[in-house]
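Engineer: Got a structure for you, written out below as structure tokens; questions coming shortly.
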2 protein chains.
Amino acid sequence: MPASIQEPALSRSVEDYLKAIFRLSNQGGFATTSDIAALLALAPPSVSGMVKRLSEMGLIEHVPYRGVQLTAQGRRAALRMIRRHRVLELYLTRTLGYDWDNVHNEAERLEHAVSDELIERMAAALGDPQYDPHGDPIPTATGDIEETELVSLAEAKVGDALELRQVMTQDPARLRYFAEQGLVPGVRVVVTDRQPFNGPTTVLLNASGTARIVGQELARLLSCRLAGREG
Amino acid sequence: MPASIQEPALSRSVEDYLKAIFRLSNQGGFATTSDIAALLALAPPSVSGMVKRLSEMGLIEHVPYRGVQLTAQGRRAALRMIRRHRVLELYLTRTLGYDWDNVHNEAERLEHAVSDELIERMAAALGDPQYDPHGDPIPTATGDIEETELVSLAEAKVGDALELRQVMTQDPARLRYFAEQGLVPGVRVVVTDRQPFNGPTTVLLNASGTARIVGQELARLLSCRLAGREG
DNA sequence: AGCTCATATTAGTATAGACTAACGTTGTGT
DNA sequence: ACACAACGTTAGTCTATACTAATATGAGCT
């Protein structure tokens with residue numbers, strides 16, 4: 001048995017589909033045709049067509065009218081893309097002065113073009129980092145990724161101490177707003193208030209001691225690790 | 001008149017064709033179908049087809065059965081790609097430890113994916129350099145490029161490092177002989193000896209480290225760019 | 001259970017870009 | 001001047017990937 005299987009090069013489109021399917025089926029479920037279509041801004045029949053090809057390539061399992069899940073091979077390929085994306089984002093922000101909220105598009109294009117060698121050189125230059133600028137874990141070169149259980153700020157209870165880990169949107173306007181508010185990955189906060197009926201959540205920023213009020217829609221976008229709970 | 005014309009995005013293939021045509025028609029002549037095909041490793045009919053499209057896009061002028069030349073717009077696009085390529089090569093060698101001889105392929109893929117912003121950030125980080133690691137001039141962001149002066153191998157001095165640029169003959173026998181000797185455009189050599197009274201020139205091929213002895217008549221046919229001179 | 005609507009799939013088409021095989025053109029050599 | 005070799009172009013095909021329009025499926029409501 002060969003030490004490492006040389007997997008065939010995948011097209012840009014295929015790589016994008018695999019990343020999308022990874023994101024949508026990460027919590028164990030199926031990625032549906034229309035969710036994939038929405039995420040990639042494609043028409044559903046285009047997705048049906050690609051699903052057939054990916055399935056023949058052994059990258060996904062397709063249950064008709066249900067959705068798809070990645071095979072081991074597909075998952076490997078998806079994690080490789082995610083590693084590329086996150087290493088690129090971190091490299092560009094650390095080394096070339098990009099802001100964490102406008103680096104996404106650049107990484108989105110580069111991730112399909114860079115060699116594995118370049119990614120490993122960048123990762124080495126960064127000291128083999130574990131998290132990208134958004135706080136997302138970076139898969140290792142061997143395809144392992146840290147599993148973290150995250151709760152949204154909207155679900156947290158008053159008294160919870162949280163570490164902000166992921167901002168679950170790509171929208172530049174929202175990302176910029178969060179940055180202005182100091183709500184960026186890595187920040188630690190304590191939940192001090194929650195208004196009833198899906199009302200806003202108030203948090204205290206540990207670093208500055210200042211308060212922030214976050215409406216439910218935005219609170220749902222903030223994934224946090226529970227770091228403690230006030231007795 | 002608009003401050004800057006927003007040129008439409010070009011495909012990867014189109015960008016490669018424009019770069020090839022720039023190289024082949026740089027000295028003012030026409031780039032022929034088969035030269036383009038050879039450079040891009042494509043079949044000639046594929047080139048004919050693309051030539052038609054490029055011509056309709058206004059990027060080249062096509063004289064049937066003669067060849068093509070870049071329009072002003074095509075030249076701008078080609079120089080943009082060359083700037084990208086050379087800035088990338090320099091950045092990767094200076095900052096990420098690539099060798100000058102294996103950086104080419106990486107840059108070849110990245111040049112199609114990076115944004116103008118990233119190129120300018122890299123160029124700024126390098127101090128707005130004028131030459132890439134191979135000694136080739138880097139076009140400015142506004143599309144100006146230093147004209148390189150070519151010398152024949154017969155004029156070069158012992159110690160000169162040269163890049164073979166053009167073989168100034170049509171004669172198939174001579175062309176075949178040069179090819180057999182590995183003396184083809186793009187090859188880098190160092191002049192190690194010259195016999196007196198218009199005697200032969202000895203060069204060392206950088207790639208293989210082997211020597212070639214070239215008589216004066218043939219040496220005059222080899223146009224080279226001076227890439228360095230031994231102190 | 002049956003109807004209906006949201007969702008998925010199939011059918012058919014388009015485009016970019018490549019290929020091979022067949023056909024034109026041109027210029028060189030006798 | 002003409003024949004032929006070398007080169008260029010046209011014709012026709014293929015693949016990947018997208019689209020729209022039409023059809024099939026399945027899940028929830030009555």
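To be explicit about the labels: the chains of the structure tokens are called A, B, and onward in the order shown, and within each one the residues are counted from 1, while ligands get numbers from 1 in the order they are shown.
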When DSSP works through the backbone of this structure, what residues of range 7-219 of chain B end up as alpha helix (DSSP H), shown as a compact mmCIF listing (two decimals) with C-alpha atoms, in the first residue's frame?

Structural biologist:
```txt
# COMPACT_ATOMS: atom_id res chain seq x y z
CA ARG B 12 -6.92 32.40 -17.13
CA SER B 13 -6.48 31.13 -20.68
CA VAL B 14 -6.81 34.57 -22.20
CA GLU B 15 -4.22 35.90 -19.80
CA ASP B 16 -1.82 33.13 -20.76
CA TYR B 17 -2.29 33.78 -24.47
CA LEU B 18 -1.64 37.49 -24.02
CA LYS B 19 1.54 36.84 -22.09
CA ALA B 20 2.74 34.42 -24.77
CA ILE B 21 1.93 36.84 -27.59
CA PHE B 22 3.75 39.60 -25.74
CA ARG B 23 6.86 37.49 -25.46
CA LEU B 24 6.76 36.37 -29.08
CA SER B 25 6.02 39.75 -30.64
CA THR B 33 0.02 30.52 -34.56
CA SER B 34 2.48 27.70 -34.23
CA ASP B 35 4.87 29.65 -32.02
CA ILE B 36 2.02 30.44 -29.65
CA ALA B 37 0.90 26.82 -29.78
CA ALA B 38 4.42 25.60 -28.98
CA LEU B 39 4.86 28.04 -26.11
CA LEU B 40 1.55 27.14 -24.49
CA PRO B 44 -2.43 24.97 -33.47
CA PRO B 45 -6.19 24.86 -34.17
CA SER B 46 -6.87 25.72 -30.54
CA VAL B 47 -4.76 28.81 -31.04
CA SER B 48 -6.60 29.75 -34.22
CA GLY B 49 -9.86 29.58 -32.31
CA MET B 50 -8.62 31.71 -29.45
CA VAL B 51 -7.02 34.20 -31.82
CA LYS B 52 -10.44 34.82 -33.29
CA ARG B 53 -11.93 35.47 -29.85
CA LEU B 54 -9.08 37.70 -28.72
CA SER B 55 -9.36 39.65 -31.92
CA GLU B 56 -13.11 40.16 -31.41
CA ALA B 72 -2.74 48.83 -26.82
CA GLN B 73 -5.38 47.18 -24.63
CA GLY B 74 -3.86 43.74 -25.08
CA ARG B 75 -0.40 45.06 -24.29
CA ARG B 76 -1.71 46.67 -21.12
CA ALA B 77 -3.24 43.40 -20.02
CA ALA B 78 -0.06 41.46 -20.87
CA LEU B 79 2.15 43.88 -18.94
CA ARG B 80 -0.18 43.62 -15.99
CA MET B 81 0.32 39.86 -15.96
CA ILE B 82 4.07 40.22 -16.29
CA ARG B 83 4.14 42.65 -13.39
CA ARG B 84 2.14 40.18 -11.33
CA HIS B 85 4.40 37.32 -12.22
CA ARG B 86 7.60 39.14 -11.46
CA VAL B 87 6.43 40.74 -8.24
CA LEU B 88 5.25 37.32 -7.08
CA GLU B 89 8.55 35.68 -7.96
CA LEU B 90 10.49 38.32 -6.10
CA TYR B 91 8.19 38.22 -3.09
CA LEU B 92 8.30 34.44 -2.82
CA THR B 93 12.09 34.29 -3.07
CA ARG B 94 12.72 37.22 -0.73
CA THR B 95 10.10 36.49 1.89
CA LEU B 96 9.27 32.81 1.84
CA VAL B 103 9.51 29.87 -8.04
CA HIS B 104 8.29 30.08 -11.60
CA ASN B 105 5.51 27.52 -11.43
CA GLU B 106 4.10 28.94 -8.23
CA ALA B 107 3.99 32.44 -9.71
CA GLU B 108 2.52 31.05 -12.91
CA ARG B 109 -0.56 29.88 -11.03
CA LEU B 110 -0.83 32.73 -8.55
CA ASP B 116 -4.16 44.12 -7.84
CA GLU B 117 -4.30 45.20 -4.23
CA LEU B 118 -2.26 42.22 -3.08
CA ILE B 119 0.34 42.76 -5.79
CA GLU B 120 0.73 46.39 -4.76
CA ARG B 121 1.03 45.39 -1.10
CA MET B 122 3.74 42.90 -1.98
CA ALA B 123 5.53 45.42 -4.17
CA ALA B 124 5.37 47.99 -1.37
CA ALA B 125 6.68 45.45 1.15
CA PRO B 172 15.80 24.64 -39.91
CA ALA B 173 19.18 22.93 -39.85
CA ARG B 174 20.64 25.59 -37.57
CA LEU B 175 17.50 25.72 -35.44
CA ARG B 176 17.60 21.97 -35.03
CA TYR B 177 21.25 22.06 -34.11
CA PHE B 178 20.67 24.76 -31.49
CA ALA B 179 17.77 22.77 -30.03
CA GLU B 180 19.94 19.64 -29.82
CA GLN B 216 31.44 32.72 -34.16
CA GLU B 217 28.97 32.38 -37.00
CA LEU B 218 26.44 30.64 -34.80
CA ALA B 219 27.16 32.76 -31.72
```

Engineer: Write out as a list in words the residues lying within 12 Å of DC29 in chain D, counting only C-alpha atoms (C1' of nucleotides) and excluding same-chain residues fewer than 4 positions away.

Structural biologist: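 Returned residues: DA1, DG2, DC3, DT4 and DC5 of chain C.
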
Engineer: State, in Å with one decimal place, the distance from C1' of DT28 in chain C to C1' of DC2 in chain D.

Structural biologist: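 Distance reported for this atom pair: 11.1 Å.
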
Engineer: Computed after least-squares fitting of chain A to chain B on all C-alpha atoms in order, what is the RMSD in Å?

Structural biologist: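 Computed value for the CA RMSD is 7.0 Å.
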
Engineer: Using only C-alpha atoms (C1' of nucleotides) and a distance of at most 12 Å, pull out the residues of chain C that contact chain A, as a ChimeraX atom specification.

Structural biologist: /C:6-11

Engineer: Hey, list the chain D side of the contact with chain A: 12 Å cut-off, only C-alpha atoms (C1' of nucleotides), answer as a PyMOL selection string.

Structural biologist: chain D and resi 16-21+24-27

Engineer: Hey, can you spit out that residue selection with N, CA and C atoms (P, O5', C5', C4', C3', O3' and C1' of nucleotides) as a PDB file, in the first residue's frame?

Structural biologist:
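again_7.pdb, written as the output of this step:
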```pdb
ATOM      1  P    DA D  16     -15.488  16.038 -17.812  1.00  0.00           P
ATOM      2  O5'  DA D  16     -15.608  17.515 -17.233  1.00  0.00           O
ATOM      3  C5'  DA D  16     -14.499  18.378 -17.297  1.00  0.00           C
ATOM      4  C4'  DA D  16     -14.968  19.767 -16.950  1.00  0.00           C
ATOM      5  C3'  DA D  16     -15.943  19.830 -15.768  1.00  0.00           C
ATOM      6  O3'  DA D  16     -15.510  20.880 -14.914  1.00  0.00           O
ATOM      7  C1'  DA D  16     -16.877  20.920 -17.657  1.00  0.00           C
ATOM      8  P    DT D  17     -16.124  20.992 -13.477  1.00  0.00           P
ATOM      9  O5'  DT D  17     -17.277  22.064 -13.653  1.00  0.00           O
ATOM     10  C5'  DT D  17     -16.957  23.391 -14.067  1.00  0.00           C
ATOM     11  C4'  DT D  17     -18.199  24.056 -14.561  1.00  0.00           C
ATOM     12  C3'  DT D  17     -19.390  23.981 -13.611  1.00  0.00           C
ATOM     13  O3'  DT D  17     -19.490  25.172 -12.876  1.00  0.00           O
ATOM     14  C1'  DT D  17     -19.974  23.865 -15.922  1.00  0.00           C
ATOM     15  P    DA D  18     -20.581  25.384 -11.757  1.00  0.00           P
ATOM     16  O5'  DA D  18     -21.852  26.042 -12.458  1.00  0.00           O
ATOM     17  C5'  DA D  18     -21.839  27.395 -12.775  1.00  0.00           C
ATOM     18  C4'  DA D  18     -22.690  27.705 -13.996  1.00  0.00           C
ATOM     19  C3'  DA D  18     -24.212  27.626 -13.816  1.00  0.00           C
ATOM     20  O3'  DA D  18     -24.692  28.818 -13.234  1.00  0.00           O
ATOM     21  C1'  DA D  18     -23.542  26.828 -15.948  1.00  0.00           C
ATOM     22  P    DC D  19     -26.121  28.850 -12.579  1.00  0.00           P
ATOM     23  O5'  DC D  19     -27.106  28.989 -13.840  1.00  0.00           O
ATOM     24  C5'  DC D  19     -26.953  30.078 -14.746  1.00  0.00           C
ATOM     25  C4'  DC D  19     -27.877  29.870 -15.945  1.00  0.00           C
ATOM     26  C3'  DC D  19     -29.323  29.586 -15.567  1.00  0.00           C
ATOM     27  O3'  DC D  19     -30.070  30.788 -15.632  1.00  0.00           O
ATOM     28  C1'  DC D  19     -28.552  28.000 -17.190  1.00  0.00           C
ATOM     29  P    DT D  20     -31.572  30.801 -14.955  1.00  0.00           P
ATOM     30  O5'  DT D  20     -32.610  30.351 -16.084  1.00  0.00           O
ATOM     31  C5'  DT D  20     -32.466  30.686 -17.466  1.00  0.00           C
ATOM     32  C4'  DT D  20     -33.508  29.904 -18.272  1.00  0.00           C
ATOM     33  C3'  DT D  20     -34.894  29.839 -17.622  1.00  0.00           C
ATOM     34  O3'  DT D  20     -35.877  29.906 -18.653  1.00  0.00           O
ATOM     35  C1'  DT D  20     -34.066  27.645 -17.881  1.00  0.00           C
ATOM     36  P    DA D  21     -37.441  30.032 -18.292  1.00  0.00           P
ATOM     37  O5'  DA D  21     -38.020  28.613 -18.736  1.00  0.00           O
ATOM     38  C5'  DA D  21     -37.520  27.976 -19.916  1.00  0.00           C
ATOM     39  C4'  DA D  21     -38.173  26.609 -20.053  1.00  0.00           C
ATOM     40  C3'  DA D  21     -39.582  26.489 -19.450  1.00  0.00           C
ATOM     41  O3'  DA D  21     -40.322  25.605 -20.280  1.00  0.00           O
ATOM     42  C1'  DA D  21     -38.152  24.965 -18.377  1.00  0.00           C
ATOM     43  P    DA D  24     -42.749  13.106 -14.938  1.00  0.00           P
ATOM     44  O5'  DA D  24     -42.105  12.765 -13.531  1.00  0.00           O
ATOM     45  C5'  DA D  24     -40.706  12.479 -13.464  1.00  0.00           C
ATOM     46  C4'  DA D  24     -40.276  12.582 -12.032  1.00  0.00           C
ATOM     47  C3'  DA D  24     -41.113  11.783 -11.050  1.00  0.00           C
ATOM     48  O3'  DA D  24     -40.196  11.071 -10.264  1.00  0.00           O
ATOM     49  C1'  DA D  24     -40.899  14.014 -10.300  1.00  0.00           C
ATOM     50  P    DT D  25     -40.701   9.896  -9.323  1.00  0.00           P
ATOM     51  O5'  DT D  25     -40.519  10.517  -7.861  1.00  0.00           O
ATOM     52  C5'  DT D  25     -39.273  11.142  -7.553  1.00  0.00           C
ATOM     53  C4'  DT D  25     -39.427  11.870  -6.241  1.00  0.00           C
ATOM     54  C3'  DT D  25     -40.184  11.096  -5.159  1.00  0.00           C
ATOM     55  O3'  DT D  25     -39.241  10.925  -4.143  1.00  0.00           O
ATOM     56  C1'  DT D  25     -40.899  13.349  -5.259  1.00  0.00           C
ATOM     57  P    DG D  26     -39.432   9.896  -2.962  1.00  0.00           P
ATOM     58  O5'  DG D  26     -39.788  10.829  -1.720  1.00  0.00           O
ATOM     59  C5'  DG D  26     -39.034  12.025  -1.552  1.00  0.00           C
ATOM     60  C4'  DG D  26     -39.742  12.950  -0.594  1.00  0.00           C
ATOM     61  C3'  DG D  26     -40.495  12.281   0.552  1.00  0.00           C
ATOM     62  O3'  DG D  26     -40.296  13.150   1.653  1.00  0.00           O
ATOM     63  C1'  DG D  26     -41.989  13.627  -0.608  1.00  0.00           C
ATOM     64  P    DA D  27     -40.447  12.700   3.160  1.00  0.00           P
ATOM     65  O5'  DA D  27     -40.419  14.109   3.940  1.00  0.00           O
ATOM     66  C5'  DA D  27     -40.614  15.316   3.197  1.00  0.00           C
ATOM     67  C4'  DA D  27     -41.565  16.266   3.918  1.00  0.00           C
ATOM     68  C3'  DA D  27     -42.137  15.791   5.244  1.00  0.00           C
ATOM     69  O3'  DA D  27     -42.443  16.969   5.991  1.00  0.00           O
ATOM     70  C1'  DA D  27     -43.898  15.935   3.681  1.00  0.00           C
TER      71       DA D  27
END
```

Engineer: Leaving out DT30 in chain C and any residue of its chain fewer than 3 positions from it, which residues lie within 12 Å of it when counting only C-alpha atoms (C1' of nucleotides), given as a list in words?

Structural biologist: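 Once the adjacent positions are removed, what remains is DA1, DC2, DA3 and DC4 of chain D.
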
Engineer: Could you give me the residues within range 38-228 of chain B that DSSP places in strand (DSSP E), as a PyMOL selection string?

Structural biologist: chain B and resi 60-63+67-70+150-152+160-167+188-194+201-205+211-214+222-228

Engineer: Output the selection as a short mmCIF file (atom, residue, chain, number, x, y, z; two decimals), in the first residue's frame - N, CA and C atoms for each residue.

Structural biologist:
```
data_model
loop_
_atom_site.label_atom_id
_atom_site.label_comp_id
_atom_site.auth_asym_id
_atom_site.auth_seq_id
_atom_site.Cartn_x
_atom_site.Cartn_y
_atom_site.Cartn_z
N ILE B 60 -6.08 41.82 -29.67
CA ILE B 60 -5.00 41.61 -30.65
C ILE B 60 -5.47 42.02 -32.04
N GLU B 61 -4.51 42.23 -32.94
CA GLU B 61 -4.76 42.38 -34.36
C GLU B 61 -4.32 41.10 -35.04
N HIS B 62 -5.18 40.57 -35.89
CA HIS B 62 -4.86 39.32 -36.55
C HIS B 62 -4.74 39.55 -38.06
N VAL B 63 -3.61 39.19 -38.62
CA VAL B 63 -3.44 39.19 -40.07
C VAL B 63 -3.41 37.73 -40.50
N GLY B 67 0.06 36.23 -38.62
CA GLY B 67 0.28 36.19 -37.18
C GLY B 67 -0.52 37.27 -36.49
N VAL B 68 -0.19 37.52 -35.24
CA VAL B 68 -0.94 38.49 -34.45
C VAL B 68 0.01 39.44 -33.73
N GLN B 69 -0.53 40.58 -33.37
CA GLN B 69 0.17 41.55 -32.53
C GLN B 69 -0.82 42.06 -31.50
N LEU B 70 -0.32 42.51 -30.38
CA LEU B 70 -1.19 43.05 -29.34
C LEU B 70 -1.67 44.45 -29.71
N LEU B 150 19.44 43.67 -26.05
CA LEU B 150 19.94 42.33 -26.30
C LEU B 150 21.31 42.40 -26.96
N VAL B 151 22.16 41.48 -26.57
CA VAL B 151 23.47 41.37 -27.22
C VAL B 151 23.60 39.98 -27.80
N SER B 152 24.36 39.83 -28.85
CA SER B 152 24.57 38.50 -29.39
C SER B 152 25.62 37.79 -28.53
N ASP B 160 30.14 36.86 -18.35
CA ASP B 160 28.76 37.35 -18.44
C ASP B 160 27.76 36.21 -18.16
N ALA B 161 26.71 36.53 -17.40
CA ALA B 161 25.59 35.62 -17.23
C ALA B 161 24.51 36.07 -18.20
N LEU B 162 24.03 35.17 -19.02
CA LEU B 162 23.11 35.55 -20.08
C LEU B 162 21.85 34.72 -20.04
N GLU B 163 20.77 35.33 -20.51
CA GLU B 163 19.57 34.54 -20.79
C GLU B 163 19.36 34.58 -22.28
N LEU B 164 19.29 33.41 -22.88
CA LEU B 164 19.07 33.33 -24.32
C LEU B 164 17.64 33.77 -24.62
N ARG B 165 17.51 34.74 -25.51
CA ARG B 165 16.20 35.30 -25.77
C ARG B 165 15.65 34.96 -27.15
N GLN B 166 16.48 35.02 -28.15
CA GLN B 166 15.99 34.84 -29.50
C GLN B 166 17.05 34.17 -30.34
N VAL B 167 16.63 33.31 -31.24
CA VAL B 167 17.55 32.70 -32.18
C VAL B 167 17.28 33.35 -33.52
N ARG B 188 19.54 29.76 -19.54
CA ARG B 188 20.52 30.65 -18.94
C ARG B 188 21.91 30.03 -19.02
N VAL B 189 22.87 30.85 -19.37
CA VAL B 189 24.24 30.36 -19.53
C VAL B 189 25.21 31.37 -18.94
N VAL B 190 26.41 30.89 -18.72
CA VAL B 190 27.50 31.79 -18.33
C VAL B 190 28.62 31.60 -19.35
N VAL B 191 29.19 32.70 -19.81
CA VAL B 191 30.29 32.64 -20.78
C VAL B 191 31.57 32.32 -20.00
N THR B 192 32.20 31.20 -20.35
CA THR B 192 33.40 30.79 -19.60
C THR B 192 34.68 30.95 -20.41
N ASP B 193 34.58 31.09 -21.73
CA ASP B 193 35.80 31.21 -22.52
C ASP B 193 35.50 31.81 -23.89
N ARG B 194 36.49 32.52 -24.41
CA ARG B 194 36.38 33.00 -25.79
C ARG B 194 37.78 32.91 -26.41
N THR B 201 33.09 30.61 -28.69
CA THR B 201 32.73 31.00 -27.33
C THR B 201 32.32 29.74 -26.58
N THR B 202 32.77 29.61 -25.35
CA THR B 202 32.34 28.47 -24.53
C THR B 202 31.37 28.98 -23.47
N VAL B 203 30.25 28.28 -23.36
CA VAL B 203 29.27 28.66 -22.33
C VAL B 203 28.93 27.45 -21.48
N LEU B 204 28.54 27.72 -20.26
CA LEU B 204 28.10 26.69 -19.33
C LEU B 204 26.59 26.81 -19.19
N LEU B 205 25.86 25.73 -19.45
CA LEU B 205 24.40 25.76 -19.28
C LEU B 205 24.10 25.71 -17.78
N ALA B 211 28.96 22.11 -20.68
CA ALA B 211 29.54 23.16 -21.51
C ALA B 211 29.14 22.99 -22.97
N ARG B 212 29.11 24.12 -23.70
CA ARG B 212 28.87 24.10 -25.14
C ARG B 212 29.87 25.04 -25.79
N ILE B 213 30.42 24.62 -26.88
CA ILE B 213 31.34 25.48 -27.62
C ILE B 213 30.64 25.93 -28.89
N VAL B 214 30.55 27.24 -29.08
CA VAL B 214 29.77 27.79 -30.19
C VAL B 214 30.68 28.65 -31.06
N LEU B 222 22.66 34.16 -31.74
CA LEU B 222 21.99 33.98 -30.45
C LEU B 222 21.88 35.33 -29.72
N SER B 223 20.65 35.87 -29.66
CA SER B 223 20.42 37.13 -28.96
C SER B 223 20.17 36.86 -27.49
N CYS B 224 20.89 37.57 -26.64
CA CYS B 224 20.82 37.29 -25.21
C CYS B 224 20.59 38.57 -24.43
N ARG B 225 19.98 38.38 -23.28
CA ARG B 225 19.88 39.48 -22.33
C ARG B 225 20.99 39.31 -21.30
N LEU B 226 21.67 40.38 -21.00
CA LEU B 226 22.73 40.34 -20.00
C LEU B 226 22.08 40.30 -18.62
N ALA B 227 22.29 39.20 -17.90
CA ALA B 227 21.62 39.04 -16.61
C ALA B 227 22.57 39.24 -15.44
N GLY B 228 23.83 39.45 -15.71
CA GLY B 228 24.79 39.66 -14.63
C GLY B 228 26.19 39.54 -15.18
#
```

Engineer: Which one is closest to chain A: B:Leu126, B:Ala31, B:Val187, B:Gly143? Count only C-alpha atoms.

Structural biologist: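 Result for the nearest residue to chain A: B:Leu126.
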
Engineer: What does the distance between CA of Ala141 in chain B and CA of Trp100 in chain B come to in Å, to one decimal place?

Structural biologist: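 These atoms are spaced 22.7 Å apart.
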